[in-house]
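Novice: Please find one structure pasted underneath; my questions will follow.
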Amino acid sequence: MDLKVLRYFMAIVDNGSFGKAAEQVHISQPALSKAIKGLEEELEVSILDRGRRGTKVRLTPAGRILQKHANILLSSRQAMLEELNQLRQLERGHLKIGLSPLGSAELFAPIIGKFRAMYPRIQIELLERGGAEQEAALRNSEIELATSLVPNDDEFAWLQVRDDPIMLALSSTHPLAHATTLSLSDLADTSLVTFETTFVLNKLIEEECQRAGFTPNDITHVSQPDFGLALVAAGTGVMLLPKLIAERHKIPGVIIKPLDSSSLRWKLSVIWRKETTLSFAANAMMALIRERFSE
């Protein structure tokens with residue numbers, strides 16, 4: 001059933017005549033009569049008692065039923081259009097974002113703060129997860145946007161926001177503390193403190209170690225850089241982490257040294273599924289992210 005024809009029908013009811021209704025809905029009277037006749041044929045009932053020329057058009061019993069439901073349908077349509085307009089105008093909505101524990105405070109907290117100030121009626125749900133878990137959450141439509149390293153999967157689109165070298169954190173009393181240059185191969189016999197297996201960075205480090213000719217076999221996993229660096233200071237092992245994070249969380253007793261590696265880098269990105277149409281809220285967030293990292 002065409003809602004436009006229902007609107008025509010309600011105009012006739014409100015005005016009591018085809019002529020005035022035709023003027024209101026901006027179509028010719030013959031076209032209006034044809035539309036109503038088609039509606040009656042579709043419903044297989046007569047909905048209007050046209051009477052004699054010059055008399056007011058009246059509703060039949062079937063017409064009164066149609067009037068009741070037409071009001072509901074047209075009101076629902078109007079409510080739908082208003083809600084959609086609110087979404088477009090970012091006056092309502094819900095945005096779910098997956099954030100990596102690494103770098104979110106430094107890089108994304110200011111952006112999220114600005115978004116909340118600009119669009120206070122948008123509800124934001126932040127899920128802190130490792131990169132592998134975030135990719136799974138994107139596939140399951142649990143979140144719209146996520147932060148992770150540049151993905152290898154063609155399923156995802158991405159915007160790179162950071163490209164940091166990986167630094168080596170080690171105790172000031174560690175045998176390698178005074179070395180001028182350090183490479184991954186120098187760590188073959190050294191205990192490592194790494195992030196949990198759900199972190200994409202952890203997988204990247206393991207792959208690079210294997211390319212350097214060894215497999216780390218004495219690993220302590222952590223979920224937070226602060227705890228990892230505390231373990232480094234206590235002599236538990238050395239830790240590989242991005243320059244931004246290493247400098248932000250450095251503590252006494254820990255030395256931060258550059259690692260001689262051109263392939264091991266922290267390329268943090270915002271990712272989303274290619275086949276997904278992002279919400280108005282997600283697109284507004286991406287606009288702020290692009291603005292921030294294009295500066």
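By convention in this document, the chains of the structure tokens carry letters A, B, ... by their order, each chain's residues are numbered from 1, and ligands are numbered from 1 in the order they are shown.
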Residues at most 12 Å from region 58-71 of chain A, counting only C-alpha atoms, excluding those fewer than 4 positions away in the same chain, as a ChimeraX atom specification?
Specialist: /A:1-18,36,39-40,43-52,75-78
Novice: Considering only C-alpha atoms, return as a tab-separated table (two decimals) with all heavy atoms, in the first residue's frame whatever protein or nucleic-acid residues lie within 6 Å of region 190-201 of chain A, sequence-local ones (same chain, fewer than 5 positions apart) excluded.
Specialist:
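Below is the file that was written, result_37.tsv:
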```
chain	number	residue	atom	x	y	z
A	130	GLY	N	42.51	-6.16	23.36
A	130	GLY	CA	43.66	-6.33	22.48
A	130	GLY	C	43.22	-6.35	21.04
A	130	GLY	O	42.04	-6.55	20.72
A	131	GLY	N	44.18	-6.13	20.12
A	131	GLY	CA	43.84	-6.01	18.70
A	131	GLY	C	43.14	-7.22	18.12
A	131	GLY	O	42.20	-7.09	17.34
A	132	ALA	N	43.57	-8.44	18.49
A	132	ALA	CA	42.94	-9.65	17.95
A	132	ALA	C	41.49	-9.74	18.38
A	132	ALA	O	40.60	-10.09	17.59
A	132	ALA	CB	43.71	-10.88	18.41
A	218	ASP	N	61.18	-17.77	27.28
A	218	ASP	CA	61.02	-17.40	28.69
A	218	ASP	C	60.29	-16.07	28.72
A	218	ASP	O	60.89	-15.00	28.79
A	218	ASP	CB	62.38	-17.31	29.38
A	218	ASP	CG	62.24	-17.12	30.89
A	218	ASP	OD1	61.10	-17.18	31.38
A	218	ASP	OD2	63.26	-16.90	31.55
A	219	ILE	N	58.95	-16.16	28.65
A	219	ILE	CA	58.13	-14.96	28.46
A	219	ILE	C	57.21	-14.76	29.65
A	219	ILE	O	56.60	-15.69	30.15
A	219	ILE	CB	57.29	-15.07	27.17
A	219	ILE	CG1	58.20	-15.15	25.94
A	219	ILE	CG2	56.34	-13.89	27.04
A	219	ILE	CD1	57.45	-15.35	24.65
A	220	THR	N	57.11	-13.53	30.08
A	220	THR	CA	56.11	-13.13	31.07
A	220	THR	C	55.12	-12.21	30.38
A	220	THR	O	55.50	-11.20	29.80
A	220	THR	CB	56.76	-12.38	32.25
A	220	THR	OG1	57.74	-13.22	32.86
A	220	THR	CG2	55.70	-12.00	33.28
A	221	HIS	N	53.83	-12.57	30.41
A	221	HIS	CA	52.81	-11.79	29.73
A	221	HIS	C	52.15	-10.80	30.69
A	221	HIS	O	51.83	-11.14	31.83
A	221	HIS	CB	51.72	-12.71	29.15
A	221	HIS	CG	52.22	-13.58	28.04
A	221	HIS	ND1	52.63	-13.09	26.83
A	221	HIS	CD2	52.38	-14.93	27.97
A	221	HIS	CE1	53.01	-14.09	26.05
A	221	HIS	NE2	52.87	-15.22	26.73
A	222	VAL	N	51.93	-9.59	30.21
A	222	VAL	CA	51.23	-8.56	30.99
A	222	VAL	C	50.18	-7.89	30.10
A	222	VAL	O	50.23	-7.98	28.88
A	222	VAL	CB	52.22	-7.49	31.53
A	222	VAL	CG1	53.22	-8.12	32.49
A	222	VAL	CG2	52.93	-6.77	30.39
A	223	SER	N	49.25	-7.20	30.73
A	223	SER	CA	48.23	-6.48	29.96
A	223	SER	C	48.42	-4.97	30.00
A	223	SER	O	47.81	-4.25	29.21
A	223	SER	CB	46.83	-6.81	30.50
A	223	SER	OG	46.72	-6.45	31.87
A	237	GLY	N	63.08	-9.33	33.15
A	237	GLY	CA	63.41	-9.48	31.74
A	237	GLY	C	63.44	-8.12	31.07
A	237	GLY	O	63.39	-7.08	31.73
A	238	VAL	N	63.52	-8.14	29.74
A	238	VAL	CA	63.48	-6.89	28.97
A	238	VAL	C	62.13	-6.82	28.26
A	238	VAL	O	61.43	-7.81	28.11
A	238	VAL	CB	64.63	-6.83	27.95
A	238	VAL	CG1	65.98	-6.95	28.64
A	238	VAL	CG2	64.49	-7.91	26.87
A	239	MET	N	61.78	-5.62	27.80
A	239	MET	CA	60.47	-5.44	27.19
A	239	MET	C	60.58	-4.62	25.93
A	239	MET	O	61.30	-3.62	25.88
A	239	MET	CB	59.52	-4.76	28.18
A	239	MET	CG	58.08	-4.72	27.75
A	239	MET	SD	57.01	-4.04	29.06
A	239	MET	CE	55.38	-4.41	28.36
```
Novice: Determine the nearest neighbour of Ser171 (chain A) from the options A:Ala188, A:Ala109, A:Ile27, A:Ala233, counting only C-alpha atoms.
Specialist: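 Smallest distance to Ser171 (chain A) is found for A:Ala233.
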Novice: What residues in region 73-141 of chain A get the DSSP label strand (DSSP E or B)? Please answer as an mmCIF file with N, CA and C atoms, in the first residue's frame.
Specialist:
```cif
data_model
loop_
_atom_site.group_PDB
_atom_site.id
_atom_site.type_symbol
_atom_site.label_atom_id
_atom_site.label_comp_id
_atom_site.auth_asym_id
_atom_site.auth_seq_id
_atom_site.Cartn_x
_atom_site.Cartn_y
_atom_site.Cartn_z
ATOM 1 N N HIS A 94 24.108 5.796 19.045
ATOM 2 C CA HIS A 94 24.935 4.985 19.946
ATOM 3 C C HIS A 94 26.170 4.546 19.159
ATOM 4 N N LEU A 95 27.332 4.828 19.703
ATOM 5 C CA LEU A 95 28.583 4.499 19.031
ATOM 6 C C LEU A 95 29.418 3.591 19.920
ATOM 7 N N LYS A 96 29.801 2.422 19.388
ATOM 8 C CA LYS A 96 30.650 1.479 20.120
ATOM 9 C C LYS A 96 32.029 1.433 19.466
ATOM 10 N N ILE A 97 33.054 1.663 20.273
ATOM 11 C CA ILE A 97 34.429 1.709 19.778
ATOM 12 C C ILE A 97 35.288 0.768 20.606
ATOM 13 N N GLY A 98 36.129 0.008 19.927
ATOM 14 C CA GLY A 98 37.116 -0.822 20.608
ATOM 15 C C GLY A 98 38.441 -0.094 20.673
ATOM 16 N N LEU A 99 38.992 0.044 21.864
ATOM 17 C CA LEU A 99 40.244 0.778 22.048
ATOM 18 C C LEU A 99 41.332 -0.146 22.573
ATOM 19 N N GLN A 123 25.444 8.425 22.665
ATOM 20 C CA GLN A 123 25.998 7.545 23.695
ATOM 21 C C GLN A 123 27.232 6.837 23.134
ATOM 22 N N ILE A 124 28.326 6.891 23.877
ATOM 23 C CA ILE A 124 29.559 6.232 23.451
ATOM 24 C C ILE A 124 29.869 5.090 24.414
ATOM 25 N N GLU A 125 30.111 3.917 23.845
ATOM 26 C CA GLU A 125 30.525 2.766 24.640
ATOM 27 C C GLU A 125 31.944 2.389 24.221
ATOM 28 N N LEU A 126 32.861 2.444 25.161
ATOM 29 C CA LEU A 126 34.268 2.162 24.892
ATOM 30 C C LEU A 126 34.623 0.786 25.432
ATOM 31 N N LEU A 127 35.170 -0.056 24.571
ATOM 32 C CA LEU A 127 35.557 -1.410 24.957
ATOM 33 C C LEU A 127 37.061 -1.540 24.819
ATOM 34 N N GLU A 128 37.748 -1.740 25.934
ATOM 35 C CA GLU A 128 39.207 -1.851 25.902
ATOM 36 C C GLU A 128 39.589 -3.310 25.684
#
```
Novice: As a ChimeraX atom specification, please: the residues near Leu149 (chain A) (cut-off 9 Å, only C-alpha atoms, same-chain neighbours under 6 positions excluded).
Specialist: /A:131,160,200-201,266-271
Novice: Taking C-alpha atoms for each residue, export the selection above as a PDB file, in the first residue's frame.
Specialist:
```pdb
ATOM      1  CA  GLY A 131      43.844  -6.014  18.700  1.00  0.00           C
ATOM      2  CA  GLN A 160      46.963   4.797  10.103  1.00  0.00           C
ATOM      3  CA  VAL A 200      48.576  -7.901  17.813  1.00  0.00           C
ATOM      4  CA  LEU A 201      51.903  -6.326  18.808  1.00  0.00           C
ATOM      5  CA  TRP A 266      54.093   0.118  15.830  1.00  0.00           C
ATOM      6  CA  LYS A 267      51.703   1.217  13.078  1.00  0.00           C
ATOM      7  CA  LEU A 268      48.599   2.051  15.047  1.00  0.00           C
ATOM      8  CA  SER A 269      45.435   2.430  12.990  1.00  0.00           C
ATOM      9  CA  VAL A 270      41.707   2.881  13.255  1.00  0.00           C
ATOM     10  CA  ILE A 271      40.052  -0.050  11.477  1.00  0.00           C
TER      11      ILE A 271
END
```
Novice: Which residues in region 129-259 of chain A does DSSP call helix (DSSP H, G or I)? List them as a PyMOL selection string.
Specialist: chain A and resi 131-139+184-187+200-211+225-233+243-249
Novice: Using only C-alpha atoms, which of the listed residues (A:Ile111, A:Val232, A:Asp189, A:Ile251) sits closest to Phe214 (chain A)?
Specialist: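 Of the candidates, the smallest distance to Phe214 (chain A) is held by A:Asp189.
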